[in-house]
Amino acid sequence: MSFTRLLPEKDDDDDDDDDDNNNQTGLSSGTGVIVKDVVPRSMNDINDCSCICSCCPTVSDWCIKDALGLSCGVATWIFYAYAEFVFVFVILTTKSFSSLFYFMNFLIFHCLQFLAISSHLRTMFSNPGAVPLKNATSENLRKYEHGATVYRCAMCQSIKPPRAHHCSICKRCIKRMDHHCVFVNNCVGQNNQKYFILFTLYTSILSVYGLVIIGIHLTRCISSNWDDCPVWPPPISIILAISLGLEGLAFSTFALIMFFSQLYSIYTDTNQIESFKRVSNLRREEKSFIESLKIVFGSQIGLTWLNPFSVPIDVITQNDERITFDV
């Protein structure tokens, strides 16, 4: 594909990982479409533009090879495992509470933890909406009107859809990218924003619930002079309960902040990158809050919105070659 160099123009749709000063504009021969290259600052990593992890193909077809992200993801699982140990073997024991109280809270805790961990895994190993690599072909460019301006990522050699941004960690352009989260080792974008919101929701509920049970446990033990808590010695029980309480406080604070920030982004129909750049979305007037929620969670309102195993109906897959990416 040949291009005719024109004067460079500034691209207002670039994200914080794109270099506006290095844009090039060209006319694709044979297509009649003006192609503007968007050059990311991480252009020096152009030889490593694949984010499919070959070390774990049996786990998922999408795994980001980032040491920090993988470490944070594993650390999150360790924190969940620690909460499991302290909650089941230290706080919630049949010798401290009645059988009914034990089994009821045992079931509630594990249901919430299962939903939180499942949502975390779905966010971590789901394609967030990566634009297919090298799809700026003459065949795809001909789908645009003659004289239309098309933005192309200089690193991915892909057509850059509206509101898509290039991630220097994933090394891909992500459709409707909100941000890259190290705790899930993945971008939060069009295809996995639902799972990320559910992860923050169930984690915050689980953390607040754990704090309440910890308070009940310590109050019961102290008021009975530890006669109702004979399983562990008082110093060990206090240390484990307080450490779990600090973990729950930290997790609940982080998860609630992220949860409400995501809801606010949906309400305003903007992502965090657009908010950071103070880019207003003029299309917000055309969508209600429910319509914006349907874009993220699916067009059918129901319990499937709270199910981390339910795929939103309007999701667009990695191999989709269509030009219109906004659902």
# chains A, B, ... in the order shown; residues from 1 in each chain; ligands from 1
call {"tool": "select_by_dssp", "arguments": {"residues": "range 31-265 of chain A", "states": "strand (DSSP E)", "output": "list of chain:residue names"}}
result
A:Val33, A:Ile34, A:Val35, A:Lys36, A:Asp37, A:Val38, A:Val39, A:Pro40, A:Thr149, A:Val150, A:Tyr151, A:Arg152, A:Cys153, A:Ser158, A:Ile159, A:His165, A:His166, A:Cys167, A:Arg172, A:Cys173, A:Ile174, A:His179, A:His180, A:Cys181, A:Asn186, A:Cys187, A:Val188
call {"tool": "residues_around", "arguments": {"residues": "range 199-212 of chain A", "least_positions_apart": "5", "cutoff": "7 Å", "atoms": "only C-alpha atoms", "output": "ChimeraX atom specification"}}
result
/A:112-113,115-116,119-120,245,248-249,251-252,255-256,258-259
call {"tool": "closest_residue", "arguments": {"among": "A:Gly73, A:Pro235, A:Pro230, A:Pro132", "to": "Lys160 in chain A", "atoms": "only C-alpha atoms"}}
result
A:Pro132
call {"tool": "residues_around", "arguments": {"residues": "Lys175 in chain A", "least_positions_apart": "5", "cutoff": "9 Å", "atoms": "only C-alpha atoms", "output": "PyMOL selection string"}}
result
chain A and resi 128-131+160-166+189-191+325-326
call {"tool": "write_last_selection", "arguments": {"atoms": "N, CA, C and O atoms", "output": "CSV table (one decimal), in the first residue's frame"}}
result
chain,number,residue,atom,x,y,z
A,128,PRO,N,-10.0,-7.8,26.0
A,128,PRO,CA,-10.8,-6.6,26.3
A,128,PRO,C,-11.4,-5.9,25.1
A,128,PRO,O,-12.1,-4.9,25.3
A,129,GLY,N,-11.1,-6.4,23.9
A,129,GLY,CA,-11.6,-5.7,22.7
A,129,GLY,C,-10.5,-5.2,21.8
A,129,GLY,O,-10.6,-4.1,21.3
A,130,ALA,N,-9.5,-6.1,21.7
A,130,ALA,CA,-8.3,-5.7,20.8
A,130,ALA,C,-8.7,-5.6,19.4
A,130,ALA,O,-9.4,-6.5,18.8
A,131,VAL,N,-8.3,-4.5,18.7
A,131,VAL,CA,-8.5,-4.4,17.3
A,131,VAL,C,-7.6,-5.4,16.6
A,131,VAL,O,-6.4,-5.5,16.9
A,160,LYS,N,-8.0,2.4,13.5
A,160,LYS,CA,-8.3,2.8,14.9
A,160,LYS,C,-9.7,3.3,15.0
A,160,LYS,O,-10.0,4.4,14.6
A,161,PRO,N,-10.6,2.4,15.6
A,161,PRO,CA,-12.0,2.8,15.7
A,161,PRO,C,-12.2,4.0,16.7
A,161,PRO,O,-11.3,4.4,17.4
A,162,PRO,N,-13.3,4.7,16.6
A,162,PRO,CA,-13.5,5.8,17.5
A,162,PRO,C,-13.5,5.4,19.0
A,162,PRO,O,-13.9,4.3,19.3
A,163,ARG,N,-12.8,6.1,19.8
A,163,ARG,CA,-12.7,5.9,21.3
A,163,ARG,C,-11.8,4.7,21.6
A,163,ARG,O,-11.8,4.2,22.7
A,164,ALA,N,-11.1,4.2,20.6
A,164,ALA,CA,-10.1,3.1,20.8
A,164,ALA,C,-8.7,3.8,21.1
A,164,ALA,O,-8.4,4.9,20.7
A,165,HIS,N,-7.9,3.1,22.0
A,165,HIS,CA,-6.6,3.7,22.4
A,165,HIS,C,-5.6,2.6,22.4
A,165,HIS,O,-5.9,1.4,22.6
A,166,HIS,N,-4.4,2.9,22.1
A,166,HIS,CA,-3.3,2.0,22.1
A,166,HIS,C,-2.7,1.8,23.5
A,166,HIS,O,-2.4,2.8,24.2
A,189,GLY,N,-11.8,-2.8,28.8
A,189,GLY,CA,-12.3,-2.2,27.6
A,189,GLY,C,-13.7,-2.7,27.3
A,189,GLY,O,-14.4,-3.2,28.1
A,190,GLN,N,-14.0,-2.7,26.0
A,190,GLN,CA,-15.3,-2.9,25.5
A,190,GLN,C,-15.8,-4.3,26.0
A,190,GLN,O,-17.0,-4.5,26.4
A,191,ASN,N,-15.0,-5.3,25.8
A,191,ASN,CA,-15.4,-6.7,26.0
A,191,ASN,C,-15.4,-7.2,27.4
A,191,ASN,O,-16.0,-8.3,27.7
A,325,PHE,N,-17.2,-0.6,15.3
A,325,PHE,CA,-16.9,-1.3,16.5
A,325,PHE,C,-17.8,-0.9,17.7
A,325,PHE,O,-18.0,-1.6,18.6
A,326,ASP,N,-18.3,0.4,17.6
A,326,ASP,CA,-19.2,0.8,18.7
A,326,ASP,C,-20.5,0.1,18.7
A,326,ASP,O,-21.2,0.1,17.6
call {"tool": "atom_distance", "arguments": {"atom1": "CA of Asp178 in chain A", "atom2": "CA of Gln272 in chain A"}}
result
5.2 Å
